[in-house]
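Structure file query-v9.tsv (TSV, C-alpha atoms) follows.
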chain	number	residue	atom	x	y	z
A	1	MET	CA	96.82	119.19	5.93
A	2	VAL	CA	99.55	118.72	8.55
A	3	LEU	CA	99.33	122.26	9.94
A	4	PRO	CA	95.52	122.23	10.47
A	5	ASN	CA	95.77	118.85	12.21
A	6	MET	CA	98.52	120.18	14.49
A	7	LEU	CA	96.38	123.23	15.33
A	8	GLN	CA	93.45	120.94	16.15
A	9	MET	CA	95.64	118.83	18.45
A	10	ILE	CA	96.87	121.98	20.25
A	11	THR	CA	93.27	123.18	20.69
A	12	PHE	CA	92.14	119.86	22.14
A	13	SER	CA	95.18	119.80	24.44
A	14	LYS	CA	94.08	123.15	25.84
A	15	ILE	CA	90.56	121.81	26.37
A	16	PHE	CA	91.85	118.76	28.26
A	17	LEU	CA	94.23	120.90	30.34
A	18	SER	CA	91.38	123.20	31.35
A	19	PHE	CA	89.26	120.17	32.23
A	20	PHE	CA	92.02	118.73	34.44
A	21	ILE	CA	92.50	122.06	36.21
A	22	PHE	CA	88.77	122.17	36.93
A	23	ILE	CA	88.87	118.63	38.29
A	24	ILE	CA	91.94	119.07	40.47
A	25	GLY	CA	90.55	122.32	41.82
A	26	GLY	CA	87.39	120.57	43.00
A	27	SER	CA	86.80	118.41	46.03
A	28	ILE	CA	87.90	114.78	46.05
A	29	ALA	CA	85.00	112.33	46.06
A	30	GLN	CA	84.57	109.31	48.25
A	31	ALA	CA	85.86	105.99	47.03
A	32	GLN	CA	84.10	104.54	43.99
A	33	TYR	CA	86.09	101.33	43.96
A	34	THR	CA	83.92	98.22	44.07
A	35	GLU	CA	84.56	94.64	45.17
A	36	THR	CA	83.24	93.42	41.82
A	37	ILE	CA	83.72	94.73	38.29
A	38	ASN	CA	81.72	97.80	37.30
A	39	SER	CA	81.21	97.62	33.52
A	40	ASN	CA	79.38	99.91	31.09
A	41	ARG	CA	78.61	96.93	28.84
A	42	PRO	CA	76.46	95.81	27.19
A	43	GLY	CA	74.60	99.12	26.68
A	44	ALA	CA	75.81	102.16	24.75
A	45	SER	CA	75.64	104.61	27.66
A	46	GLN	CA	78.26	105.13	30.35
A	47	GLY	CA	77.52	105.35	34.06
A	48	ALA	CA	78.39	108.29	36.28
A	49	PHE	CA	80.80	106.33	38.51
A	50	SER	CA	84.43	105.57	37.73
A	51	VAL	CA	86.18	102.22	38.03
A	52	GLY	CA	88.25	103.47	41.02
A	53	THR	CA	91.90	104.37	41.35
A	54	GLY	CA	94.39	101.72	40.36
A	55	VAL	CA	91.85	99.79	38.29
A	56	LEU	CA	92.61	99.07	34.63
A	57	GLN	CA	89.56	97.69	32.86
A	58	LEU	CA	89.00	96.32	29.36
A	59	GLU	CA	85.47	96.06	27.95
A	60	ALA	CA	85.26	94.54	24.47
A	61	GLY	CA	83.00	92.54	22.22
A	62	GLY	CA	82.20	91.45	18.71
A	63	TYR	CA	79.05	92.24	16.78
A	64	PHE	CA	77.25	91.30	13.58
A	65	GLY	CA	74.34	93.07	11.93
A	66	ASN	CA	72.63	94.27	8.81
A	67	ASP	CA	71.48	97.61	7.35
A	68	ASN	CA	68.86	97.64	4.60
A	69	HIS	CA	68.06	100.94	2.86
A	70	VAL	CA	64.78	100.81	0.92
A	71	LEU	CA	65.36	104.06	-0.99
A	72	ARG	CA	68.94	103.42	-2.03
A	73	LYS	CA	68.20	99.71	-2.50
A	74	THR	CA	71.30	98.68	-0.56
A	75	ASP	CA	71.83	95.70	1.70
A	76	THR	CA	74.85	95.87	4.03
A	77	ASP	CA	76.29	93.13	6.23
A	78	ILE	CA	78.29	94.52	9.13
A	79	TYR	CA	80.99	92.83	11.23
A	80	GLY	CA	82.92	94.60	13.94
A	81	ALA	CA	84.54	94.73	17.35
A	82	ASP	CA	84.16	97.52	19.90
A	83	TYR	CA	86.36	98.19	22.90
A	84	SER	CA	86.82	100.45	25.88
A	85	LEU	CA	89.94	100.74	28.02
A	86	ARG	CA	89.18	102.50	31.32
A	87	PHE	CA	91.60	103.56	34.06
A	88	GLY	CA	91.02	105.20	37.44
A	89	LEU	CA	93.57	107.99	37.74
A	90	PHE	CA	94.75	110.24	40.63
A	91	PHE	CA	91.55	109.99	42.72
A	92	GLU	CA	88.30	108.07	42.83
A	93	ALA	CA	85.99	110.41	40.92
A	94	LEU	CA	88.28	110.61	37.86
A	95	GLU	CA	88.49	108.17	34.98
A	96	VAL	CA	90.32	108.28	31.64
A	97	SER	CA	89.21	106.05	28.80
A	98	LEU	CA	89.90	105.04	25.23
A	99	THR	CA	86.83	103.79	23.37
A	100	GLY	CA	86.39	102.78	19.78
A	101	ALA	CA	85.29	100.23	17.20
A	102	PHE	CA	86.75	98.54	14.13
A	103	GLN	CA	84.16	97.69	11.50
A	104	ALA	CA	83.99	95.90	8.15
A	105	GLU	CA	81.07	96.22	5.75
A	106	SER	CA	79.95	94.42	2.62
A	107	THR	CA	77.29	96.36	0.68
A	108	ASN	CA	75.25	95.03	-2.23
A	109	ILE	CA	73.77	97.73	-4.50
A	110	LEU	CA	71.32	97.02	-7.31
A	111	ILE	CA	72.74	98.69	-10.45
A	112	GLY	CA	71.20	97.97	-13.84
A	113	GLY	CA	69.49	94.85	-12.59
A	114	ASN	CA	72.73	93.44	-11.18
A	115	ASP	CA	73.99	93.30	-7.60
A	116	VAL	CA	77.32	95.10	-7.26
A	117	GLU	CA	79.33	94.58	-4.08
A	118	PHE	CA	81.30	97.33	-2.32
A	119	ASN	CA	83.49	96.75	0.72
A	120	ARG	CA	85.03	99.04	3.31
A	121	SER	CA	86.77	98.53	6.64
A	122	ASN	CA	88.55	100.73	9.15
A	123	PHE	CA	88.20	102.16	12.64
A	124	ARG	CA	84.65	103.47	12.75
A	125	SER	CA	85.48	105.50	15.88
A	126	ASN	CA	88.21	106.20	18.42
A	127	THR	CA	87.78	108.59	21.33
A	128	LEU	CA	90.15	109.50	24.15
A	129	GLY	CA	88.20	110.98	27.04
A	130	VAL	CA	88.07	112.02	30.68
A	131	LYS	CA	85.10	111.54	33.03
A	132	TYR	CA	84.65	113.18	36.42
A	133	MET	CA	81.78	112.76	38.88
A	134	VAL	CA	80.83	116.22	40.13
A	135	PHE	CA	77.92	115.27	42.40
A	136	ASP	CA	77.01	112.17	44.39
A	137	PRO	CA	73.80	112.41	46.47
A	138	ALA	CA	75.10	109.78	48.89
A	139	ARG	CA	78.10	112.03	49.58
A	140	ASP	CA	76.82	115.57	49.05
A	141	MET	CA	73.33	115.33	50.59
A	142	ALA	CA	72.67	114.78	54.28
A	143	PRO	CA	70.74	111.57	55.01
A	144	ASP	CA	67.17	111.83	56.29
A	145	LYS	CA	66.80	111.59	60.05
A	146	PRO	CA	64.39	108.92	61.31
A	147	ASN	CA	60.93	110.07	62.35
A	148	LEU	CA	60.51	108.89	65.94
A	149	TYR	CA	56.73	109.35	65.82
A	150	SER	CA	55.73	107.83	62.49
A	151	TRP	CA	56.64	104.41	61.12
A	152	LYS	CA	54.74	105.28	57.92
A	153	ALA	CA	56.84	108.40	57.37
A	154	ASN	CA	60.04	106.36	57.69
A	155	GLN	CA	58.83	103.74	55.20
A	156	GLY	CA	57.25	106.15	52.70
A	157	PHE	CA	58.60	107.42	49.41
A	158	LYS	CA	61.60	109.75	49.67
A	159	TRP	CA	61.79	112.46	47.00
A	160	LYS	CA	65.52	112.57	47.60
A	161	THR	CA	65.88	109.24	45.80
A	162	LEU	CA	65.04	111.02	42.53
A	163	VAL	CA	68.23	113.11	42.79
A	164	PRO	CA	70.88	111.43	40.58
A	165	ALA	CA	74.65	111.27	40.69
A	166	VAL	CA	76.08	113.57	38.00
A	167	ALA	CA	79.27	113.28	35.95
A	168	VAL	CA	80.76	115.24	33.07
A	169	TYR	CA	82.77	113.86	30.17
A	170	ALA	CA	85.11	115.52	27.66
A	171	GLY	CA	86.80	113.65	24.83
A	172	ALA	CA	88.50	113.93	21.46
A	173	ASN	CA	87.59	111.78	18.48
A	174	PHE	CA	90.58	110.98	16.29
A	175	SER	CA	91.32	109.21	13.04
A	176	PHE	CA	94.43	108.72	10.92
A	177	GLY	CA	94.94	108.21	7.22
A	178	ASP	CA	92.24	107.82	4.60
A	179	ASN	CA	89.32	106.57	6.68
A	180	PRO	CA	86.16	105.69	4.68
A	181	TYR	CA	84.02	106.27	7.79
A	182	LEU	CA	84.83	109.99	7.78
A	183	TYR	CA	82.33	112.09	5.87
A	184	GLU	CA	83.66	114.27	3.08
A	185	GLY	CA	85.39	117.28	4.60
A	186	GLU	CA	85.25	115.94	8.16
A	187	ASN	CA	88.29	116.72	10.30
A	188	GLN	CA	90.38	113.93	11.79
A	189	PHE	CA	90.17	115.45	15.28
A	190	THR	CA	86.81	116.53	16.73
A	191	PRO	CA	85.52	117.17	20.28
A	192	LYS	CA	82.94	115.16	22.21
A	193	PHE	CA	81.15	116.13	25.44
A	194	ALA	CA	78.57	114.39	27.61
A	195	LEU	CA	76.47	114.99	30.71
A	196	ILE	CA	75.83	111.77	32.63
A	197	THR	CA	73.31	111.07	35.40
A	198	GLN	CA	72.70	107.92	37.39
A	199	ASN	CA	69.99	106.91	39.88
A	200	ASN	CA	70.53	103.85	42.07
A	201	TRP	CA	67.25	102.61	43.52
A	202	PRO	CA	66.43	99.81	45.98
A	203	GLY	CA	65.63	96.42	44.53
A	204	GLY	CA	68.48	96.39	42.03
A	205	TRP	CA	67.18	99.12	39.70
A	206	VAL	CA	69.46	101.67	38.06
A	207	LEU	CA	68.56	104.48	35.64
A	208	VAL	CA	71.34	106.08	33.57
A	209	THR	CA	70.98	108.98	31.14
A	210	ASN	CA	73.57	110.44	28.75
A	211	VAL	CA	73.21	113.73	26.88
A	212	ILE	CA	75.92	113.81	24.18
A	213	LEU	CA	77.30	116.61	22.02
A	214	ASP	CA	79.56	115.06	19.39
A	215	LYS	CA	81.71	116.66	16.66
A	216	ILE	CA	80.32	120.08	17.52
A	217	SER	CA	83.22	121.77	15.69
A	218	GLU	CA	81.95	120.33	12.39
A	219	PRO	CA	79.31	121.79	10.05
A	220	ASN	CA	77.12	118.77	10.85
A	221	PRO	CA	77.41	117.99	14.58
A	222	THR	CA	75.64	115.07	16.24
A	223	TYR	CA	73.34	115.38	19.24
A	224	ALA	CA	72.31	112.22	21.05
A	225	GLY	CA	70.49	111.09	24.15
A	226	ILE	CA	70.58	107.65	25.79
A	227	VAL	CA	68.30	106.34	28.55
A	228	THR	CA	69.23	102.97	30.10
A	229	LEU	CA	67.19	101.07	32.69
A	230	THR	CA	68.85	98.02	34.24
A	231	HIS	CA	67.74	95.50	36.81
A	232	ALA	CA	69.76	92.96	38.78
A	233	PHE	CA	67.75	89.75	39.03
A	234	THR	CA	70.36	88.07	41.23
A	235	GLN	CA	73.84	88.82	42.55
A	236	LYS	CA	75.31	87.62	39.23
A	237	PHE	CA	72.60	88.08	36.60
A	238	ALA	CA	71.09	91.30	35.18
A	239	GLY	CA	69.23	92.67	32.17
A	240	PHE	CA	68.72	96.07	30.58
A	241	LEU	CA	66.49	98.08	28.25
A	242	GLU	CA	67.83	101.11	26.41
A	243	TYR	CA	66.68	103.85	24.05
A	244	GLN	CA	69.02	106.05	22.01
A	245	GLY	CA	67.96	109.03	19.93
A	246	ILE	CA	70.38	110.53	17.37
A	247	ILE	CA	69.93	113.90	15.66
A	248	SER	CA	72.21	115.04	12.83
A	249	ASN	CA	71.93	116.43	9.31
A	250	ILE	CA	73.88	113.40	8.11
A	251	TYR	CA	72.31	110.60	10.14
A	252	ALA	CA	69.37	110.51	12.54
A	253	ASP	CA	67.80	107.48	14.18
A	254	ASP	CA	65.88	105.97	17.07
A	255	ILE	CA	67.48	102.80	18.42
A	256	ALA	CA	66.32	100.28	21.03
A	257	ARG	CA	68.68	97.85	22.76
A	258	THR	CA	68.26	95.03	25.22
A	259	GLY	CA	70.55	92.39	26.67
A	260	LEU	CA	71.80	90.34	29.58
A	261	ALA	CA	75.00	90.28	31.61
A	262	TYR	CA	76.43	87.57	33.84
A	263	LEU	CA	79.23	87.84	36.42
A	264	LEU	CA	81.68	84.96	36.01
A	265	THR	CA	84.10	86.13	38.73
A	266	ASP	CA	84.59	89.32	40.71
A	267	ASP	CA	86.75	90.63	37.85
A	268	LEU	CA	85.15	89.06	34.77
A	269	GLN	CA	81.72	89.66	33.19
A	270	MET	CA	80.19	88.34	29.97
A	271	ASP	CA	77.23	89.82	28.09
A	272	VAL	CA	74.93	89.37	25.12
A	273	SER	CA	72.80	92.08	23.53
A	274	GLY	CA	70.91	93.18	20.44
A	275	LEU	CA	69.49	96.30	18.81
A	276	LEU	CA	66.75	97.37	16.41
A	277	ASN	CA	65.84	100.76	14.98
A	278	PHE	CA	62.51	102.26	13.94
A	279	LYS	CA	62.95	103.34	10.32
A	280	ASN	CA	63.81	101.83	6.94
A	281	THR	CA	66.38	104.34	5.65
A	282	PRO	CA	68.09	102.15	6.71
A	283	SER	CA	66.46	99.51	8.85
A	284	ARG	CA	69.00	98.08	11.28
A	285	TRP	CA	69.49	95.05	13.47
A	286	GLN	CA	72.54	93.86	15.35
A	287	VAL	CA	73.60	91.20	17.85
A	288	ALA	CA	76.69	91.33	20.07
A	289	LEU	CA	78.66	89.21	22.51
A	290	GLY	CA	81.22	90.71	24.89
A	291	LEU	CA	83.47	90.41	27.92
A	292	SER	CA	84.64	92.86	30.57
A	293	TYR	CA	87.80	92.19	32.58
A	294	ARG	CA	89.54	94.31	35.18
A	295	LEU	CA	93.09	94.27	36.45
A	296	ASP	CA	92.60	95.26	40.07
A	297	MET	CA	95.57	97.22	41.45
A	298	HIS	CA	93.49	99.26	43.89
A	299	LYS	CA	95.42	99.91	47.11
A	300	SER	CA	92.70	101.30	49.37
A	301	ASP	CA	90.22	99.08	51.17
A	302	GLU	CA	87.48	101.73	50.87
A	303	TYR	CA	84.37	100.86	48.87
A	304	ILE	CA	80.73	101.90	48.83
A	305	ILE	CA	78.20	99.39	50.12
A	306	ASP	CA	74.57	99.29	49.05
A	307	ASP	CA	71.93	98.39	51.63
A	308	THR	CA	70.19	96.09	49.18
A	309	TYR	CA	73.12	94.21	47.70
A	310	GLU	CA	76.57	93.30	48.90
A	311	GLY	CA	79.23	95.34	47.12
A	312	ASP	CA	78.87	98.55	45.22
A	313	ARG	CA	75.62	100.40	44.64
A	314	ASN	CA	76.59	101.22	41.08
A	315	ALA	CA	78.32	97.98	40.08
A	316	LYS	CA	76.96	95.84	37.30
A	317	PRO	CA	75.55	93.27	36.73
A	318	GLN	CA	75.26	91.44	40.00
A	319	GLN	CA	74.15	94.34	42.16
A	320	GLN	CA	72.77	97.32	40.28
A	321	PRO	CA	74.15	97.47	36.74
A	322	THR	CA	74.72	100.84	35.12
A	323	ASN	CA	74.02	99.72	31.59

As structure tokens, what does this structure read like?
Amino acid sequence: MVLPNMLQMITFSKIFLSFFIFIIGGSIAQAQYTETINSNRPGASQGAFSVGTGVLQLEAGGYFGNDNHVLRKTDTDIYGADYSLRFGLFFEALEVSLTGAFQAESTNILIGGNDVEFNRSNFRSNTLGVKYMVFDPARDMAPDKPNLYSWKANQGFKWKTLVPAVAVYAGANFSFGDNPYLYEGENQFTPKFALITQNNWPGGWVLVTNVILDKISEPNPTYAGIVTLTHAFTQKFAGFLEYQGIISNIYADDIARTGLAYLLTDDLQMDVSGLLNFKNTPSRWQVALGLSYRLDMHKSDEYIIDDTYEGDRNAKPQQQPTN
């Protein structure tokens, strides 16, 4: 088993090297640093914008939930903690991250008229990844010139606002030892890719989409899509609605999430959220509470300012939250 794992690590190293060469060969984006923390929590999607160079950011939380499978007659209580460590590296459009979750489960199964309990716990996921924003409409598209003859034309709807910022993501899932969350025959190292878009609209509205290809080297890959709509009610308070669709031969689902986030300081955010799914094999619910904290070592005084809110046009939650 050691040799195949080493070959997988070499393959993923080549993928990451190619990704870095592509990034370095491209143009350097404008500053994405923000005066206030820019967190992906509490949703499951990630925004197109990075945290900014010199910013080390921790996003973590605890969750509790239940899965109930009507066909298997199982009832599972779930406890866990998820985390994301994000760092802006080299230049503003680039971000490296480590994301994952540790989970413990207690499952009751009805066998012969008696409830039998089974327990398992381990890292449910760990992924080391790189994100790079390849297109920003505020940077790459020329602004509209004012119409000197029509006030209505100046105030009317601009189709250009439908053009999103676009980022790409490449990562490697990894696991060590005998992990009960790996399916039988699943490799300990698998690739993960994502295409990310983000629209920032006036009034504190942000739309984020993620198209995800996960474990595509396996016989049973996972394809997922996430759509997140967030709204900043005030400079410090925001809410979100989210839909996630998952397609796989092993597990498929439709999940809805909602939650709130509150900015405690410029570098500290707290959040609360919950989820439900739309089937009974299993039916799922979950509640979560989390914090996001950044260690701001950014040296440049450049930052992007939104016309509607003070600070960054993609920051969350107080201006226009990404998730």

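Closest approach to Leu207 (chain A) from the set A:Leu276, A:Ile250, A:Ile255, A:Leu162 is made by A:Leu162, with distances taken over only C-alpha atoms.
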
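Compared by their closest atoms to Ala261 (chain A), and using all atoms listed in the file, the residues A:Gly185, A:Gly290, A:Gly225, A:Gly61 rank with A:Gly290 nearest.
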
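Take CA of Tyr251 (chain A) and CA of Ile109 (chain A): the distance between them is 19.5 Å.
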
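Of note, CA of Ala48 (chain A) and CA of Glu218 (chain A) are spaced 27.0 Å apart.
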
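Close contacts of Val211 (chain A), defined as residues with an atom at most 8 Å away when counting only C-alpha atoms, with chain neighbours fewer than 3 positions off set aside, comprise Ala194, Leu195, Ile196, Tyr223, Ala224, Gly225 and Ile226 of chain A.
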
Write to file, as an mmCIF file, in the frame of the given file, the residues of the selection just made, with C-alpha atoms.
data_model
loop_
_atom_site.group_PDB
_atom_site.id
_atom_site.type_symbol
_atom_site.label_atom_id
_atom_site.label_comp_id
_atom_site.auth_asym_id
_atom_site.auth_seq_id
_atom_site.Cartn_x
_atom_site.Cartn_y
_atom_site.Cartn_z
ATOM 1 C CA ALA A 194 78.570 114.390 27.610
ATOM 2 C CA LEU A 195 76.470 114.990 30.710
ATOM 3 C CA ILE A 196 75.830 111.770 32.630
ATOM 4 C CA TYR A 223 73.340 115.380 19.240
ATOM 5 C CA ALA A 224 72.310 112.220 21.050
ATOM 6 C CA GLY A 225 70.490 111.090 24.150
ATOM 7 C CA ILE A 226 70.580 107.650 25.790
#

- Message: Residues near Asn199 (chain A), anyone? I mean within 8 Å using all atoms listed in the file, not counting same-chain ones fewer than 3 positions away, as a PyMOL selection string.
- Response: chain A and resi 161-165+206-208

- Message: List the spatial neighbours of Thr228 (chain A) as a PyMOL selection string - criterion: any atom at most 10 Å away, all atoms listed in the file, same-chain residues fewer than 6 positions off excluded.
- Response: chain A and resi 43-47+198+206-210+240-244+256-258+321-323

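For the residues A:Asn119, A:Asn277, A:Asn173, A:Asn40, ranking by smallest atom-to-atom distance to Glu59 (chain A) using only C-alpha atoms places A:Asn40 first.
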
- So how many Å separate CA of Thr99 (chain A) and CA of Gly171 (chain A), to one decimal? 10.0 Å
